[in-house]
$ cat entry_4.pdb   # PDB, C-alpha atoms
ATOM      1  CA  MET A 258      42.685 -48.516  20.643
ATOM      2  CA  SER A 259      38.927 -48.613  20.970
ATOM      3  CA  ARG A 260      39.190 -46.837  24.301
ATOM      4  CA  LEU A 261      41.049 -43.983  22.565
ATOM      5  CA  VAL A 262      38.280 -43.706  19.967
ATOM      6  CA  VAL A 263      35.632 -43.561  22.666
ATOM      7  CA  ALA A 264      37.578 -40.853  24.495
ATOM      8  CA  TRP A 265      37.893 -38.841  21.270
ATOM      9  CA  LEU A 266      34.212 -39.192  20.521
ATOM     10  CA  ALA A 267      33.281 -38.125  24.026
ATOM     11  CA  THR A 268      35.525 -35.050  23.747
ATOM     12  CA  LEU A 269      34.026 -34.144  20.393
ATOM     13  CA  MET A 270      30.477 -34.474  21.693
ATOM     14  CA  LEU A 271      31.321 -32.361  24.720
ATOM     15  CA  LEU A 272      32.861 -29.720  22.465
ATOM     16  CA  GLY A 273      29.830 -29.770  20.219
ATOM     17  CA  ALA A 274      27.498 -29.373  23.168
ATOM     18  CA  THR A 275      29.538 -26.440  24.497
ATOM     19  CA  VAL A 276      29.543 -24.672  21.171
ATOM     20  CA  HIS A 277      25.818 -25.256  20.803
ATOM     21  CA  PHE A 278      25.202 -23.977  24.329
ATOM     22  CA  ALA A 279      27.358 -20.899  23.702
ATOM     23  CA  THR A 280      25.570 -19.925  20.493
ATOM     24  CA  ALA A 281      22.184 -20.498  22.101
ATOM     25  CA  GLN A 282      23.255 -18.190  24.932
ATOM     26  CA  SER A 283      24.655 -15.368  22.828
ATOM     27  CA  SER A 284      21.873 -15.140  20.286
ATOM     28  CA  LYS A 285      18.291 -15.299  21.382
ATOM     29  CA  ALA A 286      15.967 -16.958  18.916
ATOM     30  CA  VAL A 287      14.299 -14.186  16.917
ATOM     31  CA  SER A 288      10.985 -14.820  15.246
ATOM     32  CA  GLU A 289      10.644 -13.521  11.718
ATOM     33  CA  THR A 290       7.288 -12.071  12.745
ATOM     34  CA  THR A 291       8.999  -9.742  15.214
ATOM     35  CA  VAL A 292      11.550  -8.704  12.577
ATOM     36  CA  HIS A 293       8.695  -8.058  10.157
ATOM     37  CA  ASP A 294       6.735  -6.074  12.742
ATOM     38  CA  VAL A 295       9.684  -3.780  13.447
ATOM     39  CA  ALA A 296      10.514  -3.450   9.737
ATOM     40  CA  ALA A 297       6.902  -2.607   8.875
ATOM     41  CA  GLN A 298       7.104   0.510  11.092
ATOM     42  CA  LEU A 299      10.176   1.822   9.287
ATOM     43  CA  ARG A 300      10.285   3.714   6.020
ATOM     44  CA  CYS A 301      12.511   2.212   3.363
ATOM     45  CA  VAL A 302      15.058   4.977   2.932
ATOM     46  CA  VAL A 303      15.799   4.492  -0.752
ATOM     47  CA  CYS A 304      12.212   4.224  -1.941
ATOM     48  CA  GLN A 305       9.334   6.540  -1.150
ATOM     49  CA  ASN A 306       6.209   5.187   0.499
ATOM     50  CA  LEU A 307       7.364   1.633   1.138
ATOM     51  CA  SER A 308       8.208   0.054   4.446
ATOM     52  CA  VAL A 309      11.461  -1.762   5.139
ATOM     53  CA  ALA A 310       9.372  -4.933   5.403
ATOM     54  CA  ASP A 311       7.873  -4.533   1.927
ATOM     55  CA  SER A 312      10.798  -3.190  -0.058
ATOM     56  CA  PRO A 313      12.839  -5.566  -2.213
ATOM     57  CA  SER A 314      15.808  -3.168  -2.253
ATOM     58  CA  GLU A 315      19.214  -4.201  -0.985
ATOM     59  CA  MET A 316      19.265  -1.384   1.560
ATOM     60  CA  ALA A 317      15.996  -2.642   3.064
ATOM     61  CA  SER A 318      17.259  -6.209   3.245
ATOM     62  CA  GLN A 319      20.403  -4.974   4.992
ATOM     63  CA  MET A 320      18.195  -3.067   7.404
ATOM     64  CA  ARG A 321      16.168  -6.194   8.092
ATOM     65  CA  ALA A 322      19.434  -8.014   8.845
ATOM     66  CA  ILE A 323      20.393  -5.242  11.277
ATOM     67  CA  ILE A 324      16.978  -5.470  12.952
ATOM     68  CA  ARG A 325      17.381  -9.257  13.265
ATOM     69  CA  GLU A 326      20.885  -8.892  14.717
ATOM     70  CA  ARG A 327      19.845  -6.292  17.263
ATOM     71  CA  LEU A 328      16.844  -8.345  18.370
ATOM     72  CA  ALA A 329      19.081 -11.415  18.633
ATOM     73  CA  ALA A 330      21.468  -9.421  20.814
ATOM     74  CA  GLY A 331      18.589  -8.981  23.243
ATOM     75  CA  GLU A 332      17.216  -5.560  22.309
ATOM     76  CA  SER A 333      13.488  -4.974  22.499
ATOM     77  CA  PRO A 334      11.567  -3.915  19.359
ATOM     78  CA  ALA A 335      11.258  -0.425  20.914
ATOM     79  CA  ASP A 336      15.064  -0.270  21.366
ATOM     80  CA  VAL A 337      15.595  -1.181  17.727
ATOM     81  CA  GLN A 338      13.118   1.458  16.614
ATOM     82  CA  ARG A 339      14.890   4.052  18.782
ATOM     83  CA  TYR A 340      18.214   3.106  17.171
ATOM     84  CA  PHE A 341      16.828   3.948  13.734
ATOM     85  CA  VAL A 342      15.097   7.137  14.913
ATOM     86  CA  ASP A 343      18.395   8.300  16.484
ATOM     87  CA  ARG A 344      20.088   8.042  13.115
ATOM     88  CA  TYR A 345      17.399   9.056  10.660
ATOM     89  CA  GLY A 346      15.107  11.158  12.797
ATOM     90  CA  GLU A 347      11.363  10.643  13.120
ATOM     91  CA  TRP A 348      11.244  10.745   9.338
ATOM     92  CA  ILE A 349      12.090   7.021   9.344
ATOM     93  CA  LEU A 350       8.803   6.168  11.082
ATOM     94  CA  LEU A 351       5.942   5.476   8.694
ATOM     95  CA  SER A 352       3.384   6.791  11.171
ATOM     96  CA  PRO A 353       4.404   9.869  13.122
ATOM     97  CA  PRO A 354       4.271   9.497  16.929
ATOM     98  CA  ARG A 355       0.985  10.720  18.393
ATOM     99  CA  ARG A 356       2.176  13.748  20.316
ATOM    100  CA  GLY A 357       2.800  17.462  19.946
ATOM    101  CA  PHE A 358       2.456  18.962  16.516
ATOM    102  CA  ASN A 359       2.071  15.494  14.961
ATOM    103  CA  LEU A 360      -1.332  15.170  16.645
ATOM    104  CA  LEU A 361      -2.667  17.468  13.911
ATOM    105  CA  VAL A 362      -2.136  14.667  11.404
ATOM    106  CA  TRP A 363      -4.266  12.345  13.491
ATOM    107  CA  LEU A 364      -6.954  14.861  14.477
ATOM    108  CA  LEU A 365      -7.466  16.927  11.303
ATOM    109  CA  PRO A 366      -9.127  14.094   9.317
ATOM    110  CA  LEU A 367     -11.562  13.539  12.184
ATOM    111  CA  VAL A 368     -12.294  17.263  12.362
ATOM    112  CA  ALA A 369     -12.815  17.333   8.576
ATOM    113  CA  VAL A 370     -15.281  14.423   8.762
ATOM    114  CA  VAL A 371     -17.247  16.086  11.574
ATOM    115  CA  VAL A 372     -17.354  19.445   9.772
ATOM    116  CA  GLY A 373     -18.348  17.720   6.509
ATOM    117  CA  LEU A 374     -21.196  15.840   8.212
ATOM    118  CA  ALA A 375     -22.417  19.042   9.865
ATOM    119  CA  VAL A 376     -22.417  20.946   6.564
ATOM    120  CA  THR A 377     -24.236  18.096   4.776
ATOM    121  CA  ALA A 378     -26.833  17.858   7.537
ATOM    122  CA  ALA A 379     -27.394  21.620   7.436
ATOM    123  CA  LEU A 380     -27.838  21.586   3.654
ATOM    124  CA  VAL A 381     -30.196  18.604   3.688
ATOM    125  CA  TRP A 382     -32.253  20.250   6.400
ATOM    126  CA  ARG A 383     -32.446  23.461   4.422
ATOM    127  CA  TRP A 384     -33.496  21.727   1.198
ATOM    128  CA  SER A 385     -36.227  19.679   2.888
ATOM    129  CA  HIS A 386     -37.646  22.657   4.811
ATOM    130  CA  ARG A 387     -38.155  25.197   2.059
ATOM    131  CA  PRO A 388     -40.578  28.019   2.739
ATOM    132  CA  ARG A 389     -44.193  27.164   1.682
ATOM    133  CA  ALA A 390     -44.367  29.979  -0.849
ATOM    134  CA  ALA A 391     -41.500  28.542  -2.860
ATOM    135  CA  ARG A 392     -43.244  25.178  -3.091
ATOM    136  CA  ALA A 393     -46.669  26.581  -4.223
ATOM    137  CA  MET A 394     -47.680  25.740  -7.793
ATOM    138  CA  PRO A 395     -46.956  28.480 -10.294
ATOM    139  CA  VAL A 396     -50.083  30.374 -11.165
ATOM    140  CA  VAL A 397     -51.193  29.728 -14.750
ATOM    141  CA  ASP A 398     -52.972  32.349 -16.659
ATOM    142  CA  PRO A 399     -56.663  31.207 -17.140
ATOM    143  CA  ALA A 400     -56.581  32.235 -20.800
ATOM    144  CA  MET A 401     -53.535  30.019 -21.370
ATOM    145  CA  SER A 402     -55.094  26.985 -19.668
ATOM    146  CA  GLU A 403     -58.221  27.458 -21.742
ATOM    147  CA  ARG A 404     -56.106  27.458 -24.889
ATOM    148  CA  ILE A 405     -54.217  24.291 -23.853
ATOM    149  CA  ARG A 406     -57.518  22.519 -23.133
ATOM    150  CA  ARG A 407     -58.848  23.454 -26.558
ATOM    151  CA  GLU A 408     -55.734  22.299 -28.379
ATOM    152  CA  LEU A 409     -55.720  18.971 -26.538
ATOM    153  CA  GLU A 410     -59.360  18.422 -27.576
ATOM    154  CA  ARG A 411     -58.521  19.127 -31.188
ATOM    155  CA  GLU A 412     -55.689  16.571 -31.106
ATOM    156  CA  SER A 413     -57.872  13.739 -29.882
TER     157      SER A 413
ATOM    158  CA  MET B  74     -25.232  35.926   6.595
ATOM    159  CA  LYS B  75     -25.439  34.678   3.000
ATOM    160  CA  ARG B  76     -22.653  37.056   2.018
ATOM    161  CA  LEU B  77     -20.440  35.667   4.748
ATOM    162  CA  TRP B  78     -20.920  32.097   3.477
ATOM    163  CA  ARG B  79     -20.044  33.095  -0.056
ATOM    164  CA  TRP B  80     -16.634  34.238   1.194
ATOM    165  CA  LEU B  81     -16.062  31.600   3.815
ATOM    166  CA  ILE B  82     -15.931  28.627   1.449
ATOM    167  CA  PRO B  83     -13.190  29.943  -0.884
ATOM    168  CA  LEU B  84     -11.343  31.243   2.179
ATOM    169  CA  ALA B  85     -11.336  27.757   3.681
ATOM    170  CA  ALA B  86      -9.335  26.575   0.663
ATOM    171  CA  VAL B  87      -6.537  29.079   1.350
ATOM    172  CA  PRO B  88      -4.783  27.189   4.159
ATOM    173  CA  VAL B  89      -4.979  23.967   2.137
ATOM    174  CA  LEU B  90      -3.451  25.671  -0.903
ATOM    175  CA  ALA B  91      -0.762  27.248   1.286
ATOM    176  CA  LEU B  92       0.109  23.834   2.713
ATOM    177  CA  LEU B  93       0.310  22.304  -0.770
ATOM    178  CA  ALA B  94       2.412  25.216  -2.059
ATOM    179  CA  TYR B  95       4.815  24.697   0.830
ATOM    180  CA  GLY B  96       4.867  20.920   0.409
ATOM    181  CA  PHE B  97       5.639  21.002  -3.298
ATOM    182  CA  ARG B  98       8.513  23.457  -2.854
ATOM    183  CA  VAL B  99      10.251  21.298  -0.252
ATOM    184  CA  SER B 100      12.391  18.466  -1.581
ATOM    185  CA  PRO B 101      11.375  15.154   0.000
ATOM    186  CA  ARG B 102      15.081  14.278  -0.042
ATOM    187  CA  ASP B 103      16.050  17.215   2.176
ATOM    188  CA  ILE B 104      15.843  15.614   5.566
ATOM    189  CA  PRO B 105      17.750  17.208   8.432
ATOM    190  CA  SER B 106      20.083  14.655   9.986
ATOM    191  CA  PRO B 107      19.808  14.260  13.757
ATOM    192  CA  LEU B 108      23.508  13.324  13.730
ATOM    193  CA  VAL B 109      24.846  16.813  13.039
ATOM    194  CA  GLY B 110      26.625  18.026  16.181
ATOM    195  CA  ARG B 111      26.855  14.503  17.595
ATOM    196  CA  PRO B 112      29.955  12.271  17.728
ATOM    197  CA  ALA B 113      30.595  10.476  14.447
ATOM    198  CA  PRO B 114      29.682   6.780  14.869
ATOM    199  CA  ALA B 115      32.863   4.684  15.132
ATOM    200  CA  PHE B 116      33.622   2.109  12.477
ATOM    201  CA  THR B 117      36.414  -0.155  11.398
ATOM    202  CA  LEU B 118      36.352  -1.441   7.838
ATOM    203  CA  ALA B 119      38.937  -2.912   5.516
ATOM    204  CA  THR B 120      40.107  -0.852   2.540
ATOM    205  CA  LEU B 121      40.026  -2.393  -0.917
ATOM    206  CA  GLY B 122      43.766  -2.897  -0.494
ATOM    207  CA  GLY B 123      43.131  -4.851   2.711
ATOM    208  CA  ALA B 124      44.421  -2.310   5.235
ATOM    209  CA  PRO B 125      42.216  -1.533   8.248
ATOM    210  CA  LEU B 126      40.328   1.743   8.080
ATOM    211  CA  ASP B 127      39.464   2.895  11.588
ATOM    212  CA  LEU B 128      37.800   6.268  12.001
ATOM    213  CA  ALA B 129      39.067   6.595  15.595
ATOM    214  CA  ALA B 130      42.666   6.508  14.334
ATOM    215  CA  TYR B 131      42.139   9.933  12.751
ATOM    216  CA  ARG B 132      40.919  11.775  15.851
ATOM    217  CA  GLY B 133      42.509  15.216  15.864
ATOM    218  CA  LYS B 134      42.224  15.519  12.089
ATOM    219  CA  VAL B 135      39.401  16.872  10.013
ATOM    220  CA  VAL B 136      37.818  13.815   8.398
ATOM    221  CA  VAL B 137      35.633  13.793   5.313
ATOM    222  CA  VAL B 138      33.607  10.570   5.130
ATOM    223  CA  ASN B 139      32.051  10.080   1.719
ATOM    224  CA  PHE B 140      29.416   7.418   1.018
ATOM    225  CA  TRP B 141      29.312   6.409  -2.618
ATOM    226  CA  ALA B 142      28.446   3.577  -4.998
ATOM    227  CA  SER B 143      29.651   2.664  -8.462
ATOM    228  CA  TRP B 144      26.042   2.614  -9.704
ATOM    229  CA  CYS B 145      25.415   6.144  -8.518
ATOM    230  CA  TYR B 146      25.712   7.913 -11.850
ATOM    231  CA  PRO B 147      26.394  10.743 -12.464
ATOM    232  CA  ALA B 148      26.665  12.340  -8.999
ATOM    233  CA  CYS B 149      29.329   9.984  -7.599
ATOM    234  CA  TYR B 150      31.359  10.233 -10.808
ATOM    235  CA  GLU B 151      31.175  14.017 -10.660
ATOM    236  CA  GLU B 152      32.296  14.328  -7.087
ATOM    237  CA  ALA B 153      35.082  11.713  -7.045
ATOM    238  CA  PRO B 154      37.559  13.999  -8.882
ATOM    239  CA  VAL B 155      36.596  16.837  -6.511
ATOM    240  CA  LEU B 156      37.331  14.651  -3.498
ATOM    241  CA  GLU B 157      40.605  13.420  -5.015
ATOM    242  CA  ARG B 158      41.743  16.936  -5.910
ATOM    243  CA  ASN B 159      41.004  18.307  -2.455
ATOM    244  CA  TRP B 160      42.490  15.264  -0.710
ATOM    245  CA  ARG B 161      45.743  15.959  -2.520
ATOM    246  CA  GLY B 162      45.541  19.636  -1.686
ATOM    247  CA  TYR B 163      44.693  19.251   1.988
ATOM    248  CA  ARG B 164      46.307  15.986   3.105
ATOM    249  CA  ASP B 165      49.387  17.754   4.461
ATOM    250  CA  ARG B 166      47.226  20.079   6.530
ATOM    251  CA  GLY B 167      45.597  17.491   8.760
ATOM    252  CA  VAL B 168      42.695  16.508   6.563
ATOM    253  CA  VAL B 169      41.697  12.938   5.706
ATOM    254  CA  VAL B 170      39.263  11.927   2.988
ATOM    255  CA  MET B 171      37.806   8.430   3.070
ATOM    256  CA  GLY B 172      35.303   6.701   0.864
ATOM    257  CA  VAL B 173      32.772   4.152   2.053
ATOM    258  CA  GLY B 174      31.243   2.198  -0.804
ATOM    259  CA  ILE B 175      27.767   0.837  -0.221
ATOM    260  CA  GLN B 176      25.753  -1.854  -1.987
ATOM    261  CA  ASP B 177      28.435  -2.698  -4.476
ATOM    262  CA  LYS B 178      30.154  -5.756  -5.822
ATOM    263  CA  ARG B 179      33.869  -5.749  -5.070
ATOM    264  CA  GLU B 180      34.840  -5.731  -8.777
ATOM    265  CA  ALA B 181      32.565  -2.771  -9.489
ATOM    266  CA  ALA B 182      34.007  -0.853  -6.544
ATOM    267  CA  GLU B 183      37.570  -1.599  -7.647
ATOM    268  CA  LYS B 184      36.807  -0.537 -11.195
ATOM    269  CA  PHE B 185      35.332   2.748  -9.942
ATOM    270  CA  VAL B 186      38.406   3.496  -7.817
ATOM    271  CA  GLY B 187      40.764   2.498 -10.655
ATOM    272  CA  ASP B 188      38.941   4.376 -13.412
ATOM    273  CA  LEU B 189      38.785   7.574 -11.407
ATOM    274  CA  GLY B 190      42.307   7.185 -10.035
ATOM    275  CA  LEU B 191      41.344   7.630  -6.387
ATOM    276  CA  THR B 192      44.263   7.550  -3.941
ATOM    277  CA  PHE B 193      42.447   8.227  -0.658
ATOM    278  CA  PRO B 194      41.451   5.193   1.440
ATOM    279  CA  VAL B 195      38.289   3.518   0.190
ATOM    280  CA  ALA B 196      36.454   0.710   1.970
ATOM    281  CA  GLN B 197      33.280  -1.236   1.376
ATOM    282  CA  ASP B 198      30.416  -1.401   3.833
ATOM    283  CA  LEU B 199      29.199  -4.829   2.786
ATOM    284  CA  LYS B 200      26.576  -5.337   5.489
ATOM    285  CA  GLY B 201      25.261  -1.781   5.452
ATOM    286  CA  THR B 202      25.852  -1.335   9.189
ATOM    287  CA  VAL B 203      28.054   1.751   8.779
ATOM    288  CA  SER B 204      25.649   3.446   6.389
ATOM    289  CA  VAL B 205      22.719   2.856   8.744
ATOM    290  CA  ASP B 206      24.845   4.109  11.671
ATOM    291  CA  TYR B 207      25.311   7.321   9.699
ATOM    292  CA  GLY B 208      21.668   7.514   8.695
ATOM    293  CA  VAL B 209      22.539   7.315   5.006
ATOM    294  CA  TYR B 210      19.500   7.165   2.748
ATOM    295  CA  GLY B 211      21.097   7.588  -0.614
ATOM    296  CA  VAL B 212      24.385   8.176  -2.339
ATOM    297  CA  PRO B 213      26.338  10.329  -2.480
ATOM    298  CA  GLU B 214      26.289  11.654   1.051
ATOM    299  CA  THR B 215      29.272  13.255   2.720
ATOM    300  CA  PHE B 216      29.937  13.858   6.405
ATOM    301  CA  PHE B 217      32.439  16.434   7.627
ATOM    302  CA  VAL B 218      33.889  15.422  11.007
ATOM    303  CA  ASP B 219      35.755  17.971  13.116
ATOM    304  CA  ARG B 220      38.932  17.388  15.135
ATOM    305  CA  GLN B 221      36.890  16.469  18.211
ATOM    306  CA  GLY B 222      35.277  13.693  16.216
ATOM    307  CA  ARG B 223      31.861  15.313  15.889
ATOM    308  CA  ILE B 224      29.817  15.408  12.695
ATOM    309  CA  ARG B 225      29.538  19.057  11.720
ATOM    310  CA  LEU B 226      27.927  18.913   8.309
ATOM    311  CA  LYS B 227      26.047  16.380   6.251
ATOM    312  CA  HIS B 228      26.061  17.130   2.561
ATOM    313  CA  VAL B 229      23.560  15.320   0.342
ATOM    314  CA  GLY B 230      24.456  15.079  -3.338
ATOM    315  CA  ALA B 231      27.734  15.628  -5.138
ATOM    316  CA  VAL B 232      30.333  17.556  -3.163
ATOM    317  CA  THR B 233      31.647  20.652  -4.918
ATOM    318  CA  ASP B 234      35.001  22.388  -4.435
ATOM    319  CA  GLU B 235      33.172  25.205  -2.737
ATOM    320  CA  VAL B 236      31.373  23.013  -0.191
ATOM    321  CA  PHE B 237      34.536  21.029   0.521
ATOM    322  CA  GLN B 238      36.830  24.002   0.891
ATOM    323  CA  THR B 239      34.587  26.321   2.898
ATOM    324  CA  THR B 240      33.666  23.521   5.325
ATOM    325  CA  VAL B 241      37.170  22.124   5.734
ATOM    326  CA  ASP B 242      38.739  25.596   6.060
ATOM    327  CA  ARG B 243      36.245  26.458   8.784
ATOM    328  CA  LEU B 244      36.926  23.226  10.684
ATOM    329  CA  LEU B 245      40.690  23.658  10.316
ATOM    330  CA  ALA B 246      40.465  27.172  11.734
ATOM    331  CA  GLU B 247      38.978  25.819  14.956
ATOM    332  CA  ALA B 248      41.205  25.027  17.922
ATOM    333  CA  PRO B 249      42.802  21.593  17.620
ATOM    334  CA  ALA B 250      41.628  18.803  19.914
ATOM    335  CA  GLN B 251      43.459  18.499  23.201
TER     336      GLN B 251
END

$ encode --input "entry_4.pdb" --output "structure tokens"
Amino acid sequence: MSRLVVAWLATLMLLGATVHFATAQSSKAVSETTVHDVAAQLRCVVCQNLSVADSPSEMASQMRAIIRERLAAGESPADVQRYFVDRYGEWILLSPPRRGFNLLVWLLPLVAVVVGLAVTAALVWRWSHRPRAARAMPVVDPAMSERIRRELERES
Amino acid sequence: MKRLWRWLIPLAAVPVLALLAYGFRVSPRDIPSPLVGRPAPAFTLATLGGAPLDLAAYRGKVVVVNFWASWCYPACYEEAPVLERNWRGYRDRGVVVMGVGIQDKREAAEKFVGDLGLTFPVAQDLKGTVSVDYGVYGVPETFFVDRQGRIRLKHVGAVTDEVFQTTVDRLLAEAPAQ
């Protein structure tokens, strides 16, 4: 009797170990940080200007589940991103890839800053280097200054 | 020199204004789908009645895949009768209409189908995998699949009789799949 129980227990444990081994094999452990990192690159499709990582919408949570599943199946974060780009186009990426026409988006702000600094510097230089004549004191009519002097004396 | 500057500054604003004018006229929802012209992603779902709904089983027919939700008011409620009407009109000519409900509770989906009297197969995409495979970003969205199984048109918003009939007629006129 007791031998039967032991045999049963041993079988059960073996089964359990196999199942555990199988699940560990088929699904790689996926860190939530990786899921978050991939999701943060993707635009939530039902809300404007939110990432899949930040959106509380059901669609975004389903997308996070898909990201998790694909990573668990052994795909790299780049593979997962490509999967979404294949379906939604580059529109799904929150930051456009730095190539081709998209480079304008990355370069124009820099160009604007440089141009702005140059214009400011030019203006400052011009204001601080005015021609001497412009800075000379206005000439006051001697009769007028005489009158002002007299009136001031009368006041005091 | 001074004259030139006086003109240059307002002129610099022109490209910016042109860009803004263009940007504000374009709908942010009008995004070209990279899937048009490519094979329709395969899926197998269960209909609300419990029967399997496998896209591959309809190869050789013109398939209209409609993504909808019961909470999508009014567009989904407007187009459901259009889909039903055209499904009845075209089903004998090698056309299949199918509905894929997304982000819905089962009861809500059943109520929608019952209230609108839909008779074409309707399934629920509970995990969202099919909608992401099709690059769906809102409802309603409708995909017209030709007899070779390629997506030929993605229609965003409620389907009208005109869109349905011109697209399906064009796809039916093409040579059938070998």

$ interface_residues --input "entry_4.pdb" --of "chain A" --to "chain B" --cutoff "9 Å" --atoms "all atoms listed in the file" --output "ChimeraX atom specification"
/A:301-303,305,315-316,319-320,322-323,340-346,348

$ write_last_selection --input "entry_4.pdb" --atoms "C-alpha atoms" --output "PDB file, in the frame of the given file"
ATOM      1  CA  CYS A 301      12.511   2.212   3.363  1.00  0.00           C
ATOM      2  CA  VAL A 302      15.058   4.977   2.932  1.00  0.00           C
ATOM      3  CA  VAL A 303      15.799   4.492  -0.752  1.00  0.00           C
ATOM      4  CA  GLN A 305       9.334   6.540  -1.150  1.00  0.00           C
ATOM      5  CA  GLU A 315      19.214  -4.201  -0.985  1.00  0.00           C
ATOM      6  CA  MET A 316      19.265  -1.384   1.560  1.00  0.00           C
ATOM      7  CA  GLN A 319      20.403  -4.974   4.992  1.00  0.00           C
ATOM      8  CA  MET A 320      18.195  -3.067   7.404  1.00  0.00           C
ATOM      9  CA  ALA A 322      19.434  -8.014   8.845  1.00  0.00           C
ATOM     10  CA  ILE A 323      20.393  -5.242  11.277  1.00  0.00           C
ATOM     11  CA  TYR A 340      18.214   3.106  17.171  1.00  0.00           C
ATOM     12  CA  PHE A 341      16.828   3.948  13.734  1.00  0.00           C
ATOM     13  CA  VAL A 342      15.097   7.137  14.913  1.00  0.00           C
ATOM     14  CA  ASP A 343      18.395   8.300  16.484  1.00  0.00           C
ATOM     15  CA  ARG A 344      20.088   8.042  13.115  1.00  0.00           C
ATOM     16  CA  TYR A 345      17.399   9.056  10.660  1.00  0.00           C
ATOM     17  CA  GLY A 346      15.107  11.158  12.797  1.00  0.00           C
ATOM     18  CA  TRP A 348      11.244  10.745   9.338  1.00  0.00           C
TER      19      TRP A 348
END

$ resolve_selection --input "entry_4.pdb" --expression "the PyMOL selection byres ((chain B and resi 150) around 12)" --output "PyMOL selection string"
chain B and resi 141-149+151-157+185-186+188-191+212-213+230-233

$ resolve_selection --input "entry_4.pdb" --expression "the PyMOL selection byres ((chain B and resi 126) around 10)" --output "list in words"
Phe116, Thr117, Leu118, Ala119, Thr120, Leu121, Gly123, Ala124, Pro125, Asp127, Leu128, Ala129, Ala130, Tyr131, Met171, Val173, Pro194, Val195 and Ala196 of chain B

$ atom_distance --input "entry_4.pdb" --atom1 "CA of Glu235 (chain B)" --atom2 "CA of Gly174 (chain B)"
23.2 Å

$ residues_around --input "entry_4.pdb" --residues "Pro353 (chain A)" --least-positions-apart "4" --cutoff "12 Å" --atoms "only C-alpha atoms" --output "PDB file with C-alpha atoms, keeping the file's coordinate frame"
ATOM      1  CA  GLN A 298       7.104   0.510  11.092  1.00  0.00           C
ATOM      2  CA  LEU A 299      10.176   1.822   9.287  1.00  0.00           C
ATOM      3  CA  ARG A 300      10.285   3.714   6.020  1.00  0.00           C
ATOM      4  CA  VAL A 342      15.097   7.137  14.913  1.00  0.00           C
ATOM      5  CA  GLY A 346      15.107  11.158  12.797  1.00  0.00           C
ATOM      6  CA  GLU A 347      11.363  10.643  13.120  1.00  0.00           C
ATOM      7  CA  TRP A 348      11.244  10.745   9.338  1.00  0.00           C
ATOM      8  CA  ILE A 349      12.090   7.021   9.344  1.00  0.00           C
ATOM      9  CA  GLY A 357       2.800  17.462  19.946  1.00  0.00           C
ATOM     10  CA  PHE A 358       2.456  18.962  16.516  1.00  0.00           C
ATOM     11  CA  ASN A 359       2.071  15.494  14.961  1.00  0.00           C
ATOM     12  CA  LEU A 360      -1.332  15.170  16.645  1.00  0.00           C
ATOM     13  CA  LEU A 361      -2.667  17.468  13.911  1.00  0.00           C
ATOM     14  CA  VAL A 362      -2.136  14.667  11.404  1.00  0.00           C
ATOM     15  CA  TRP A 363      -4.266  12.345  13.491  1.00  0.00           C
TER      16      TRP A 363
END

$ decode --input "entry_4.pdb" --residues "region 241-249 of chain B" --atoms "N, CA, C and O atoms" --output "CSV table (one decimal), in the first residue's frame"
chain,number,residue,atom,x,y,z
B,241,VAL,N,-16.4,46.3,-54.2
B,241,VAL,CA,-16.7,44.8,-54.4
B,241,VAL,C,-16.9,44.5,-55.8
B,241,VAL,O,-16.4,43.5,-56.4
B,242,ASP,N,-17.6,45.4,-56.6
B,242,ASP,CA,-17.8,45.2,-58.0
B,242,ASP,C,-16.5,45.1,-58.7
B,242,ASP,O,-16.3,44.3,-59.6
B,243,ARG,N,-15.6,46.0,-58.3
B,243,ARG,CA,-14.3,46.0,-59.0
B,243,ARG,C,-13.5,44.7,-58.7
B,243,ARG,O,-12.9,44.1,-59.6
B,244,LEU,N,-13.5,44.3,-57.5
B,244,LEU,CA,-12.8,43.0,-57.1
B,244,LEU,C,-13.5,41.8,-57.7
B,244,LEU,O,-12.8,40.9,-58.1
B,245,LEU,N,-14.8,41.8,-57.9
B,245,LEU,CA,-15.5,40.7,-58.5
B,245,LEU,C,-15.1,40.6,-60.0
B,245,LEU,O,-15.1,39.5,-60.6
B,246,ALA,N,-14.9,41.8,-60.6
B,246,ALA,CA,-14.6,41.8,-62.0
B,246,ALA,C,-13.3,41.3,-62.4
B,246,ALA,O,-13.0,40.9,-63.5
B,247,GLU,N,-12.4,41.2,-61.4
B,247,GLU,CA,-11.1,40.6,-61.6
B,247,GLU,C,-11.1,39.1,-61.8
B,247,GLU,O,-12.0,38.5,-61.4
B,248,ALA,N,-10.1,38.6,-62.5
B,248,ALA,CA,-10.0,37.2,-62.7
B,248,ALA,C,-10.0,36.4,-61.4
B,248,ALA,O,-9.4,36.8,-60.5
B,249,PRO,N,-10.8,35.3,-61.4
B,249,PRO,CA,-10.8,34.5,-60.1
B,249,PRO,C,-9.5,33.9,-59.8
B,249,PRO,O,-8.7,33.7,-60.8
